[in-house]
Every structure is written in C-alpha cells, then in structure tokens.
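S.K.: This is final_29.cif (mmCIF, C-alpha atoms).
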```cif
data_start
loop_
_atom_site.label_atom_id
_atom_site.label_comp_id
_atom_site.auth_asym_id
_atom_site.auth_seq_id
_atom_site.Cartn_x
_atom_site.Cartn_y
_atom_site.Cartn_z
CA MET A 225 -11.01 15.81 -15.22
CA GLN A 226 -13.21 12.83 -14.50
CA SER A 227 -14.28 12.50 -10.88
CA THR A 228 -13.40 8.81 -10.63
CA LEU A 229 -11.15 6.26 -12.29
CA GLU A 230 -12.00 2.62 -12.83
CA ARG A 231 -10.22 0.52 -10.22
CA LYS A 232 -8.55 -2.67 -11.38
CA PHE A 233 -9.24 -4.20 -7.95
CA THR A 234 -12.96 -4.43 -8.81
CA LYS A 235 -12.54 -7.70 -10.70
CA LEU A 236 -10.65 -9.27 -7.81
CA VAL A 237 -13.38 -8.26 -5.34
CA LEU A 238 -16.10 -9.76 -7.53
CA GLU A 239 -14.15 -12.99 -7.96
CA ASP A 240 -13.63 -13.38 -4.20
CA LEU A 241 -17.30 -12.67 -3.46
CA ASP A 242 -18.07 -15.79 -5.52
CA ILE A 243 -15.65 -17.83 -3.40
CA PHE A 244 -15.91 -16.53 0.17
CA PRO A 245 -18.87 -15.64 2.45
CA CYS A 246 -17.07 -12.42 3.40
CA VAL A 247 -14.56 -10.17 1.64
CA ALA A 248 -12.57 -7.47 3.43
CA ILE A 249 -11.18 -4.47 1.53
CA LEU A 250 -8.48 -2.88 3.67
CA GLY A 251 -6.51 0.26 2.89
CA PRO A 252 -5.79 3.79 4.07
CA ARG A 253 -8.60 6.26 4.57
CA GLN A 254 -9.61 8.17 1.44
CA CYS A 255 -8.02 5.64 -0.94
CA GLY A 256 -11.35 4.83 -2.63
CA LYS A 257 -12.75 1.85 -0.71
CA SER A 258 -16.25 3.32 -0.35
CA THR A 259 -16.30 4.45 -3.99
CA LEU A 260 -15.29 0.98 -5.15
CA ALA A 261 -18.01 -0.61 -3.01
CA ARG A 262 -20.67 1.71 -4.46
CA MET A 263 -19.45 0.99 -7.99
CA LEU A 264 -20.23 -2.70 -7.39
CA ASN A 265 -23.89 -1.70 -7.73
CA LYS A 266 -23.31 -1.79 -11.49
CA THR A 267 -22.73 -5.54 -11.24
CA ILE A 268 -24.51 -6.60 -8.04
CA ASN A 269 -28.09 -5.42 -7.60
CA ASN A 270 -28.77 -6.30 -3.98
CA ILE A 271 -26.25 -4.30 -1.93
CA VAL A 272 -26.99 -2.67 1.41
CA TYR A 273 -24.33 -0.07 2.25
CA MET A 274 -23.79 0.80 5.93
CA ASP A 275 -21.46 3.61 7.01
CA LEU A 276 -20.40 2.84 10.58
CA GLU A 277 -19.42 6.49 11.08
CA ASN A 278 -23.06 7.45 10.46
CA PRO A 279 -25.09 7.37 13.72
CA ALA A 280 -28.26 6.44 11.81
CA ASP A 281 -26.59 3.38 10.26
CA LEU A 282 -25.07 2.43 13.61
CA ARG A 283 -28.52 2.39 15.21
CA LYS A 284 -29.70 -0.10 12.58
CA LEU A 285 -27.04 -2.48 13.87
CA ASP A 286 -28.10 -2.34 17.51
CA ASP A 287 -29.43 -5.83 16.83
CA PRO A 288 -27.06 -7.11 14.11
CA LEU A 289 -28.61 -10.59 14.01
CA LEU A 290 -32.03 -9.10 13.24
CA PHE A 291 -30.55 -6.73 10.63
CA PHE A 292 -28.72 -9.48 8.78
CA GLU A 293 -31.75 -11.79 8.95
CA HIS A 294 -33.89 -9.08 7.34
CA ASN A 295 -31.26 -8.67 4.58
CA SER A 296 -30.32 -12.33 4.27
CA ASN A 297 -30.56 -12.32 0.45
CA LYS A 298 -28.37 -9.22 0.02
CA LEU A 299 -24.71 -8.30 0.13
CA VAL A 300 -24.25 -6.21 3.27
CA CYS A 301 -21.39 -3.72 3.09
CA LEU A 302 -20.02 -2.47 6.42
CA ASP A 303 -17.78 0.58 5.93
CA GLU A 304 -15.16 1.58 8.53
CA ILE A 305 -15.46 -1.75 10.34
CA GLN A 306 -12.72 -0.79 12.81
CA ARG A 307 -15.37 1.37 14.50
CA ARG A 308 -17.31 -1.73 15.56
CA PRO A 309 -14.85 -4.63 16.08
CA GLU A 310 -17.40 -6.35 18.32
CA LEU A 311 -19.36 -7.20 15.18
CA PHE A 312 -16.83 -9.83 14.10
CA PRO A 313 -18.00 -12.68 16.41
CA VAL A 314 -21.63 -11.93 15.45
CA LEU A 315 -20.68 -11.92 11.78
CA ARG A 316 -19.19 -15.39 12.10
CA THR A 317 -22.50 -16.72 13.44
CA ILE A 318 -24.42 -15.09 10.59
CA LEU A 319 -22.07 -16.38 7.88
CA ASP A 320 -22.18 -19.93 9.23
CA LYS A 321 -25.96 -19.89 9.52
CA ASN A 322 -26.69 -18.68 5.98
CA LYS A 323 -23.96 -20.79 4.27
CA ARG A 324 -23.90 -18.49 1.22
CA LYS A 325 -21.06 -16.93 -0.70
CA GLY A 326 -20.89 -13.15 -0.91
CA GLN A 327 -22.86 -12.33 2.24
CA ALA A 328 -20.73 -9.48 3.57
CA LEU A 329 -18.27 -6.90 2.29
CA ILE A 330 -16.34 -5.12 5.02
CA LEU A 331 -14.19 -2.04 4.53
CA GLY A 332 -11.51 -1.00 6.98
CA SER A 333 -8.77 1.59 7.35
CA ALA A 334 -6.48 -0.66 9.37
CA SER A 335 -4.55 -3.83 8.62
CA ARG A 336 -5.73 -7.30 9.53
CA GLU A 337 -3.24 -7.25 12.42
CA LEU A 338 -5.03 -4.25 13.95
CA LEU A 339 -8.36 -5.92 13.14
CA ARG A 340 -7.23 -9.04 15.00
CA GLN A 341 -10.81 -10.05 15.77
CA SER A 342 -11.46 -10.72 12.10
CA SER A 343 -8.50 -13.07 11.80
CA GLU A 344 -9.59 -14.99 14.87
CA SER A 345 -13.34 -14.96 14.30
CA LEU A 346 -13.61 -15.32 10.53
CA ALA A 347 -10.73 -17.65 9.70
CA GLY A 348 -11.59 -19.67 6.60
CA ARG A 349 -14.60 -17.48 5.85
CA ILE A 350 -12.93 -14.25 4.72
CA SER A 351 -10.70 -12.98 1.93
CA TYR A 352 -8.49 -9.93 2.45
CA ILE A 353 -7.82 -7.50 -0.39
CA GLU A 354 -5.59 -4.47 0.12
CA LEU A 355 -6.72 -1.41 -1.82
CA THR A 356 -4.04 1.18 -2.40
CA PRO A 357 -4.27 4.71 -3.76
CA PHE A 358 -4.21 4.89 -7.58
CA LEU A 359 -1.51 2.86 -9.29
CA LEU A 360 0.28 4.04 -12.41
CA SER A 361 -1.64 1.48 -14.51
CA GLU A 362 -4.92 3.00 -13.30
CA THR A 363 -4.07 6.53 -14.47
CA GLU A 364 -3.94 5.74 -18.21
CA ASP A 365 -0.18 5.24 -17.91
CA SER A 366 1.01 8.14 -20.05
CA ARG A 367 4.29 9.93 -19.39
CA ASN A 368 2.47 13.05 -18.19
CA ASN A 369 0.38 10.97 -15.81
CA LEU A 370 3.56 9.42 -14.41
CA PHE A 371 4.87 12.84 -13.39
CA LYS A 372 1.44 13.85 -12.10
CA LEU A 373 1.11 10.69 -9.98
CA TRP A 374 4.68 11.08 -8.75
CA ASN A 375 3.99 14.65 -7.63
CA ARG A 376 0.42 14.43 -6.33
CA GLY A 377 0.38 10.82 -5.16
CA GLY A 378 -2.38 8.32 -5.78
CA PHE A 379 -5.07 9.28 -3.26
CA PRO A 380 -8.09 9.99 -5.50
CA ASP A 381 -8.95 13.44 -4.10
CA SER A 382 -5.34 14.51 -4.46
CA TYR A 383 -4.67 13.01 -7.90
CA LEU A 384 -7.98 14.22 -9.37
CA ALA A 385 -7.80 17.71 -7.82
CA LYS A 386 -8.37 20.60 -10.25
CA ASN A 387 -4.79 21.83 -9.85
CA ASP A 388 -1.58 21.24 -7.88
CA ASP A 389 -2.50 23.83 -5.23
CA ALA A 390 -5.79 22.08 -4.49
CA SER A 391 -3.95 18.75 -4.35
CA LEU A 392 -1.44 20.18 -1.88
CA ARG A 393 -4.18 21.55 0.40
CA TRP A 394 -5.88 18.15 0.41
CA LYS A 395 -2.67 16.36 1.40
CA ILE A 396 -1.92 18.80 4.22
CA ASN A 397 -5.43 18.29 5.58
CA PHE A 398 -5.14 14.51 5.20
CA ILE A 399 -1.96 14.42 7.29
CA ARG A 400 -3.53 16.54 10.04
CA THR A 401 -6.75 14.48 10.09
CA PHE A 402 -4.83 11.21 10.16
CA LEU A 403 -2.85 12.32 13.22
CA GLU A 404 -5.61 14.08 15.13
CA ARG A 405 -8.60 11.88 14.32
CA ASP A 406 -7.81 8.57 12.66
CA ILE A 407 -5.12 7.37 15.06
CA PRO A 408 -7.22 8.07 18.22
CA GLN A 409 -10.25 6.36 16.63
CA LEU A 410 -8.24 3.15 16.45
CA GLY A 411 -7.92 3.27 20.22
CA ILE A 412 -4.25 4.28 20.05
CA THR A 413 -3.50 6.64 22.93
CA ILE A 414 -0.08 8.06 22.17
CA PRO A 415 0.89 11.69 21.55
CA SER A 416 0.09 12.60 17.95
CA LYS A 417 3.12 14.91 17.90
CA ASN A 418 5.42 11.93 18.45
CA ILE A 419 3.88 10.02 15.54
CA GLU A 420 4.09 13.14 13.36
CA PHE A 421 7.75 13.73 14.23
CA LEU A 422 8.65 10.12 13.43
CA TRP A 423 6.61 10.23 10.21
CA ARG A 424 8.45 13.33 9.02
CA MET A 425 11.85 11.91 9.99
CA LEU A 426 11.04 8.74 8.06
CA ALA A 427 10.23 10.94 5.06
CA HIS A 428 13.69 12.50 5.27
CA SER A 429 15.24 9.02 5.42
CA HIS A 430 12.87 7.56 2.81
CA GLY A 431 14.30 4.36 1.33
CA GLN A 432 17.10 4.14 3.89
CA LEU A 433 17.89 1.55 6.55
CA LEU A 434 15.91 1.84 9.76
CA ASN A 435 17.96 3.10 12.70
CA ALA A 436 15.49 2.90 15.57
CA SER A 437 18.00 3.98 18.20
CA SER A 438 18.93 7.17 16.35
CA LEU A 439 15.30 8.01 15.68
CA GLY A 440 14.43 7.35 19.32
CA GLU A 441 17.13 9.74 20.51
CA SER A 442 15.74 12.46 18.23
CA ILE A 443 12.20 12.01 19.53
CA GLY A 444 13.16 11.33 23.14
CA VAL A 445 11.80 7.77 23.30
CA SER A 446 13.33 4.29 23.34
CA HIS A 447 14.05 2.30 20.20
CA HIS A 448 11.29 -0.10 21.30
CA THR A 449 8.81 2.79 21.27
CA VAL A 450 10.02 3.83 17.81
CA LYS A 451 9.32 0.32 16.54
CA ASN A 452 5.85 0.50 18.11
CA TYR A 453 5.13 3.82 16.39
CA LEU A 454 6.51 2.45 13.13
CA SER A 455 4.22 -0.57 13.42
CA ILE A 456 1.22 1.78 13.73
CA LEU A 457 2.23 3.68 10.60
CA GLU A 458 2.77 0.40 8.76
CA GLN A 459 -0.54 -1.09 9.82
CA THR A 460 -2.43 2.04 8.79
CA PHE A 461 -0.78 1.77 5.34
CA MET A 462 1.30 4.94 5.63
CA VAL A 463 4.73 3.28 5.42
CA ARG A 464 6.14 0.14 3.83
CA VAL A 465 8.79 -1.81 5.70
CA LEU A 466 10.92 -3.77 3.24
CA LYS A 467 12.76 -6.68 4.83
CA PRO A 468 16.31 -7.72 3.90
CA TYR A 469 16.86 -10.83 1.81
CA GLN A 470 18.42 -13.53 3.96
CA ALA A 471 20.62 -15.81 1.88
CA ASN A 472 22.86 -18.61 3.06
CA LEU A 473 26.08 -16.93 1.96
CA LYS A 474 29.51 -16.55 3.51
CA LYS A 475 29.01 -12.81 3.69
CA ARG A 476 27.91 -10.37 6.32
CA LEU A 477 24.45 -9.22 5.31
CA ILE A 478 22.57 -6.13 6.43
CA LYS A 479 19.71 -7.18 8.73
CA SER A 480 17.92 -3.87 9.31
CA PRO A 481 14.84 -3.22 7.14
CA LYS A 482 14.37 -0.28 4.78
CA VAL A 483 11.41 2.05 5.26
CA TYR A 484 9.43 3.91 2.58
CA ILE A 485 6.55 6.38 2.74
CA ARG A 486 4.05 4.49 0.60
CA ASP A 487 2.38 7.38 -1.23
CA SER A 488 4.68 9.72 -3.16
CA GLY A 489 2.31 12.67 -2.70
CA ILE A 490 2.24 12.27 1.08
CA LEU A 491 6.04 11.97 1.01
CA ASN A 492 6.25 15.28 -0.85
CA SER A 493 3.93 17.00 1.62
CA LEU A 494 5.83 15.71 4.64
CA LEU A 495 8.99 17.15 3.07
CA GLU A 496 7.19 20.38 2.06
CA ILE A 497 7.86 19.78 -1.63
CA ASP A 498 5.25 21.74 -3.58
CA SER A 499 5.88 20.75 -7.21
CA TYR A 500 7.55 18.23 -9.46
CA ASN A 501 10.20 20.79 -10.43
CA GLU A 502 11.04 21.24 -6.75
CA LEU A 503 11.17 17.46 -6.31
CA MET A 504 13.73 17.19 -9.14
CA GLY A 505 16.12 19.43 -7.21
CA HIS A 506 15.60 17.74 -3.84
CA PRO A 507 18.05 15.19 -2.36
CA ILE A 508 15.14 12.73 -2.04
CA PHE A 509 14.59 12.63 -5.84
CA GLY A 510 16.31 9.29 -6.47
CA SER A 511 14.87 7.46 -3.49
CA SER A 512 11.45 8.96 -4.26
CA TRP A 513 11.55 7.23 -7.66
CA GLU A 514 12.68 4.02 -5.97
CA GLY A 515 9.72 4.15 -3.57
CA LEU A 516 7.23 4.88 -6.36
CA ALA A 517 8.54 1.95 -8.40
CA ILE A 518 8.63 -0.50 -5.50
CA GLU A 519 5.13 0.43 -4.33
CA ASN A 520 3.64 -0.14 -7.78
CA ILE A 521 5.58 -3.35 -8.39
CA LEU A 522 4.78 -5.01 -5.05
CA THR A 523 1.11 -4.02 -5.26
CA GLU A 524 0.64 -5.22 -8.83
CA LEU A 525 2.74 -8.39 -8.44
CA TYR A 526 1.06 -9.32 -5.16
CA ASP A 527 1.82 -13.03 -5.58
CA TRP A 528 5.57 -12.31 -5.46
CA ARG A 529 7.51 -11.70 -2.23
CA GLY A 530 9.74 -8.64 -2.14
CA TYR A 531 13.00 -7.97 -0.29
CA PHE A 532 16.12 -5.86 -0.68
CA TYR A 533 19.66 -7.24 -0.61
CA ARG A 534 22.74 -5.57 0.81
CA SER A 535 26.02 -6.95 2.09
CA SER A 536 28.57 -5.20 4.28
CA SER A 537 30.96 -5.19 1.31
CA GLY A 538 28.64 -2.96 -0.75
CA SER A 539 26.79 -5.47 -2.92
CA GLU A 540 23.22 -4.24 -3.22
CA ILE A 541 19.91 -4.83 -5.02
CA ASP A 542 16.98 -2.46 -4.44
CA LEU A 543 14.36 -5.18 -4.82
CA VAL A 544 14.60 -8.96 -5.02
CA LEU A 545 11.35 -10.53 -6.21
CA GLU A 546 10.85 -14.16 -5.31
CA LYS A 547 8.11 -16.61 -6.26
CA GLY A 548 8.81 -20.26 -5.57
CA ARG A 549 12.28 -20.87 -6.99
CA LYS A 550 12.14 -17.89 -9.36
CA ARG A 551 14.02 -14.72 -8.54
CA ILE A 552 14.25 -11.37 -10.30
CA ALA A 553 16.58 -8.52 -9.38
CA VAL A 554 15.26 -4.96 -9.72
CA GLU A 555 17.37 -1.81 -9.51
CA CYS A 556 15.74 1.64 -9.59
CA LYS A 557 17.48 4.49 -11.37
CA VAL A 558 15.91 7.92 -11.90
CA SER A 559 18.12 8.61 -14.93
CA THR A 560 16.83 8.05 -18.47
CA ALA A 561 20.30 6.71 -19.32
CA PRO A 562 21.08 4.52 -16.29
CA GLU A 563 24.42 2.82 -15.72
CA LEU A 564 25.07 -0.43 -13.87
CA SER A 565 26.84 -0.09 -10.55
CA LYS A 566 29.57 -2.45 -9.42
CA GLY A 567 27.60 -3.22 -6.26
CA PHE A 568 24.57 -4.33 -8.31
CA CYS A 569 26.64 -6.58 -10.58
CA ASN A 570 28.38 -8.13 -7.58
CA ALA A 571 25.01 -8.75 -5.92
CA LEU A 572 23.76 -10.61 -9.01
CA GLU A 573 26.76 -12.90 -8.68
CA ASP A 574 26.27 -13.30 -4.93
CA LEU A 575 22.70 -14.53 -5.40
CA ASP A 576 23.22 -16.21 -8.79
CA ILE A 577 20.33 -14.22 -10.29
CA THR A 578 20.13 -14.44 -14.08
CA GLU A 579 17.26 -12.02 -14.76
CA ALA A 580 17.65 -8.37 -13.84
CA TRP A 581 15.82 -5.15 -14.65
CA ILE A 582 16.69 -1.50 -14.27
CA ILE A 583 13.52 0.50 -13.60
CA ALA A 584 13.89 4.02 -14.97
CA PRO A 585 11.55 6.74 -16.36
CA VAL A 586 12.04 5.58 -19.96
CA LYS A 587 9.44 5.29 -22.72
CA THR A 588 10.55 1.99 -24.27
CA PRO A 589 12.37 -1.02 -22.75
CA TYR A 590 15.81 -1.87 -24.07
CA ALA A 591 18.59 -4.33 -23.20
CA ILE A 592 21.65 -2.82 -21.53
CA LYS A 593 23.46 -6.13 -21.13
CA LYS A 594 22.68 -9.80 -21.54
CA SER A 595 19.74 -10.67 -19.21
CA ILE A 596 19.56 -7.05 -17.97
CA THR A 597 16.81 -4.80 -19.33
CA VAL A 598 16.07 -1.12 -18.76
CA SER A 599 12.32 -0.51 -18.51
CA GLY A 600 9.61 1.75 -17.18
CA ILE A 601 7.49 0.59 -14.25
CA SER A 602 4.43 -0.57 -16.20
CA ASP A 603 6.34 -2.31 -18.99
CA PHE A 604 8.26 -4.31 -16.40
CA ILE A 605 5.09 -5.37 -14.59
CA LYS A 606 3.43 -6.40 -17.87
CA GLU A 607 6.46 -8.45 -18.89
CA VAL A 608 6.66 -10.32 -15.59
CA ARG A 609 2.96 -11.15 -15.79
CA LYS A 610 3.22 -12.22 -19.42
CA GLU A 611 6.16 -14.56 -18.82
CA ARG A 612 4.62 -16.19 -15.77
#
```
With the file now loaded, output its structure as structure tokens.

M.R.:
Amino acid sequence: MQSTLERKFTKLVLEDLDIFPCVAILGPRQCGKSTLARMLNKTINNIVYMDLENPADLRKLDDPLLFFEHNSNKLVCLDEIQRRPELFPVLRTILDKNKRKGQALILGSASRELLRQSSESLAGRISYIELTPFLLSETEDSRNNLFKLWNRGGFPDSYLAKNDDASLRWKINFIRTFLERDIPQLGITIPSKNIEFLWRMLAHSHGQLLNASSLGESIGVSHHTVKNYLSILEQTFMVRVLKPYQANLKKRLIKSPKVYIRDSGILNSLLEIDSYNELMGHPIFGSSWEGLAIENILTELYDWRGYFYRSSSGSEIDLVLEKGRKRIAVECKVSTAPELSKGFCNALEDLDITEAWIIAPVKTPYAIKKSITVSGISDFIKEVRKER
C-alpha cells in the first residue's frame, strides 16, 4: 500500500496562498497537515518548515522578527501553531510590513475559536482551510475502499496501516494520546477521564439528539459542564454538532442539536468494534453510515450549510443542505434497497423541498420516485457540484 495519498485540499491551499498573506490549515492531529505542507515543495520551491514541537525550531523563533526578515522571500510554515499563540500579533506586523501574498502557512490542531488570537490579530490577512482525515473521494472511491474507510476511518496512519490489527492499535493509541497529551497542551485543565467518559457516551448515542442533562447525570457534572466538554471535542475536530433547521412553520420543531463522532474509525474504537463484520451486527450500524455520509457531504460541499430537520409529530430529514435559496433534502439509509419513510415524505411537504436524495451504499444512482434519487455518497456529491 502506498504510504501517502494525494490530498484534494492541496489545490485550495495553493489558490489561497496566491490571494492571502497567510493561510491556516486547521484539523485534528495526525490528519495529514504536515504531510500536505511538505508536499507543497513540489510546487513551491522556497518553503521553510518549522515544527513548533521541536525545541531546535522553537529556539530559531526566539526573535521572530529577525527570523522572518531573514526569510522574507520564502513561505514560512509554522506547524502546531497552538503551541505558540503569542506569535500571532508578531505575525500581523510581519505580514503588514512585507505586503506580499503567501508569506506564511500555519498549521494547527485546534479550531479558529480556540486560536482566538488569530481571528483578532490577522483579520483580513488570513484564510482558514479545514483539513479532515481522508475522504471517500481521496481513497480511489471503489466499493472495497468504502468498506475499508468505514471500518478504519480516514486518519492516514489508520487507513494506510498494513492490516486491520495495526489500524486498531493506532486508533487506540490516538485516543489515549489525545486525552493525556493533546488536551492538556491546549491549556485545558479538566480531568481527562471526564472527557473520555463523555466521548464514549457520545459514541453510543452517535447521531442522536444531545441530552446534556442526562449526560451530566451520568458523569456527575452539570449540563453546562457537559456543553463545555462538548465544545472542546468539537473545536478539536473530534465531534460534529449538527444544528436543527429552524423554519417558520406552525409546528413544534426539535431544537436540540444532533452529535456525531466525526471519524468512523475513531467511533468504532470508542465502541470497541474491531471489524466491519462486527460493525454490521452492531446497533450503531445505521447511524454510523449516516455519520460517514454527512461528514463526507459537508466537507466536500463546504459552500453549503447543513442542518437536520425534525418536528414533534415525527417529520424528519437527516440533512437539509441550503445555499442561498436552494435546498436539498438528504436521507441516509444503510440498505441497498432503501424505502421512503412517512416521516421523510411529510418533512418534504413541510419544507416544500422538491429535490431529495437517499444516500445508500449502492453502486449506481437510480430514481425511486419523481425528484427523489437513491445514490452513493460520491455520486451525490458529484451531481450537486455538476448542477451548481
């Protein structure tokens, strides 16, 4: 197996480096940010790569103004920027002085909300790109690769492992390192056991409505504390919080968000699922497919906003995509011969949506009803891009 896969984000990074003085690539640890940055050497000759977890590289930045002045004609890459947030105000001075596009590339394992200094200091000077683990479209998109990605997840070292056992060992170690090392390095001083317990409970309720009070009772903390812990997991790219669609209807709508573990492989490890065959017999099987589909769709169609819709009467849509005045309804079914539910059909009427898709593990798209198509994940994404 090849040791790396070409990332489709590379083109976006190169485009933004021609537009902005600084580009930030944010994403979870081990998702391939450093590898992507090094691969830019094939296109950009003058890159200086600095690992801020390396003491030798940190010493070079004791005087950041002098360092950047010496490398003023190069693209300076600062990896693990969350280790040195005090660099952001200095970086603003440097960017404004040189007045050149593509001066800095910063890599971080925390969201822009956790890296608040960058939003405040570099406003108007920086582009943010979120790098995820491998997407289905980056793994050659064959049926076998779908099952492999679904089981192992998209983190490169897990997906490209020599076998499933090696992949499993990597994921177990990743979870432990995230809790014991990564969280404290962000300056978050809360018991790692509490975060782990919540993380595992969220895995068991993957794709379900958030009940912060119930989770808080299980952990022994308040619902406010649960929301704080959840925010940490969201801003370190471990979970996705999907908000409810708020429509001006004469119906009672569900207002709680739904929560998904973003990587299917990490979800499997948190639930101690060791193989795809075991996943097929697990109660999480259907919602696992839903999470995999939603994660790929929202990442690939990043210029669309995503919500779910549910009314108290049972009308429900797994994913409502909205872009301007355009809306698409998406329902996720793990069956290769999916059937339409009454709740889904009622929801289409509630929202007056005329284009709907059923995302299922099928090889070829086909119409199940007028304006409703059954499709695999990648074919759906391609069709939405082609039409718009």

S.K.: Applying the PyMOL selection byres ((chain A and resi 377) around 10) to the file I just gave you, which residues come out? Please list them as a ChimeraX atom specification.

M.R.: /A:357-360,370-376,378-384,391,395,486-493,516

S.K.: Considering all atoms listed in the file, can you say which of A:Lys587, A:His448, A:Lys386, A:Lys325 comes closest to Asn368 (chain A)?

M.R.: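 Closest residue, counting all atoms listed in the file: A:Lys587.
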
S.K.: Could you work out how far CA of Asp286 (chain A) lies from CA of Lys323 (chain A), giving the answer in Å with one decimal?

M.R.: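 For CA of Lys323 (chain A) relative to CA of Asp286 (chain A), the distance reads 23.1 Å.
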
S.K.: Check what the PyMOL selection byres ((chain A and resi 596-612) around 7) selects in the file above and give those residues as a VMD selection string.

M.R.: chain A and resid 361 517 521 579 to 595

S.K.: Under the PyMOL selection byres ((chain A and resi 249-262) around 9), which residues of this model are included? Write them out as a PyMOL selection string.

M.R.: chain A and resi 228+230-231+233-234+237+247-248+263-266+271+273+301+303-304+329-336+351-358+378-381+398+402+406+460-462

S.K.: Just write the chosen residues, C-alpha atoms, as a compact mmCIF listing (two decimals), keeping the file's coordinate frame.

M.R.:
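Dumped to selection13.txt:
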```txt
# COMPACT_ATOMS: atom_id res chain seq x y z
CA THR A 228 -13.40 8.81 -10.63
CA GLU A 230 -12.00 2.62 -12.83
CA ARG A 231 -10.22 0.52 -10.22
CA PHE A 233 -9.24 -4.20 -7.95
CA THR A 234 -12.96 -4.43 -8.81
CA VAL A 237 -13.38 -8.26 -5.34
CA VAL A 247 -14.56 -10.17 1.64
CA ALA A 248 -12.57 -7.47 3.43
CA MET A 263 -19.45 0.99 -7.99
CA LEU A 264 -20.23 -2.70 -7.39
CA ASN A 265 -23.89 -1.70 -7.73
CA LYS A 266 -23.31 -1.79 -11.49
CA ILE A 271 -26.25 -4.30 -1.93
CA TYR A 273 -24.33 -0.07 2.25
CA CYS A 301 -21.39 -3.72 3.09
CA ASP A 303 -17.78 0.58 5.93
CA GLU A 304 -15.16 1.58 8.53
CA LEU A 329 -18.27 -6.90 2.29
CA ILE A 330 -16.34 -5.12 5.02
CA LEU A 331 -14.19 -2.04 4.53
CA GLY A 332 -11.51 -1.00 6.98
CA SER A 333 -8.77 1.59 7.35
CA ALA A 334 -6.48 -0.66 9.37
CA SER A 335 -4.55 -3.83 8.62
CA ARG A 336 -5.73 -7.30 9.53
CA SER A 351 -10.70 -12.98 1.93
CA TYR A 352 -8.49 -9.93 2.45
CA ILE A 353 -7.82 -7.50 -0.39
CA GLU A 354 -5.59 -4.47 0.12
CA LEU A 355 -6.72 -1.41 -1.82
CA THR A 356 -4.04 1.18 -2.40
CA PRO A 357 -4.27 4.71 -3.76
CA PHE A 358 -4.21 4.89 -7.58
CA GLY A 378 -2.38 8.32 -5.78
CA PHE A 379 -5.07 9.28 -3.26
CA PRO A 380 -8.09 9.99 -5.50
CA ASP A 381 -8.95 13.44 -4.10
CA PHE A 398 -5.14 14.51 5.20
CA PHE A 402 -4.83 11.21 10.16
CA ASP A 406 -7.81 8.57 12.66
CA THR A 460 -2.43 2.04 8.79
CA PHE A 461 -0.78 1.77 5.34
CA MET A 462 1.30 4.94 5.63
```

S.K.: Measure the distance from CA of Glu441 (chain A) to CA of Ile396 (chain A) in Å and round it to one decimal.

M.R.: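 Interatomic distance here is 26.7 Å.
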
S.K.: As AutoDock Vina command-line options, what would the box around region 447-463 of chain A look like: edges along x, y and z, 3 Å added on every side, centre and edge lengths in Å to one decimal?

M.R.:
```
--center_x 5.8 --center_y 1.9 --center_z 13.3 --size_x 22.5 --size_y 12.0 --size_z 22.0
```

S.K.: From the set A:Ser536, A:Ile577, A:Asn570, A:Thr523, which residue has the shortest atom-to-atom contact distance to Val554 (chain A), counting all atoms listed in the file?

M.R.: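 Of A:Ser536, A:Ile577, A:Asn570, A:Thr523, the one nearest Val554 (chain A) is A:Ile577, counting all atoms listed in the file.
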
S.K.: Report, in Å to a single decimal, how far apart CA of Leu433 (chain A) and CA of Lys482 (chain A) are.

M.R.: 4.3 Å

S.K.: Using only C-alpha atoms, determine which residues lie at most 10 Å from Ile508 (chain A), disregarding the query and same-chain residues fewer than 3 positions distant; provide the list as a VMD selection string.

M.R.: chain A and resid 427 to 431 491 to 492 495 503 to 505 511 to 514

S.K.: Pick out the closest residue to Arg349 (chain A) from this set: A:Arg464, A:Lys451, A:Lys284, A:Arg316. Count all atoms listed in the file.

M.R.: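 Counting all atoms listed in the file, the residue closest to Arg349 (chain A) is A:Arg316.
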
S.K.: Could you please give me, as JSON, numbers by chain, the residues of protein, DNA or RNA lying at most 8 Å from (-17.2, -12.9, 14.3) in the coordinate frame of the file, considering all atoms listed in the file?

M.R.: {"A": [310, 311, 312, 313, 314, 315, 316, 317, 341, 342, 344, 345, 346]}

S.K.: Around the point (25.9, -9.1, -6.7) in the file's coordinates, collect all residues with an atom within 9 Å, using only C-alpha atoms, and return them as a PyMOL selection string.

M.R.: chain A and resi 533-534+538-541+566-577

S.K.: Find the spatial neighbours of Leu522 (chain A), counting only C-alpha atoms, within a cut-off of 10 Å - ignore same-chain residues fewer than 6 positions away - and output them as a list in words.

M.R.: Trp528, Arg529, Gly530, Tyr531, Leu543, Leu545 and Ile605 of chain A
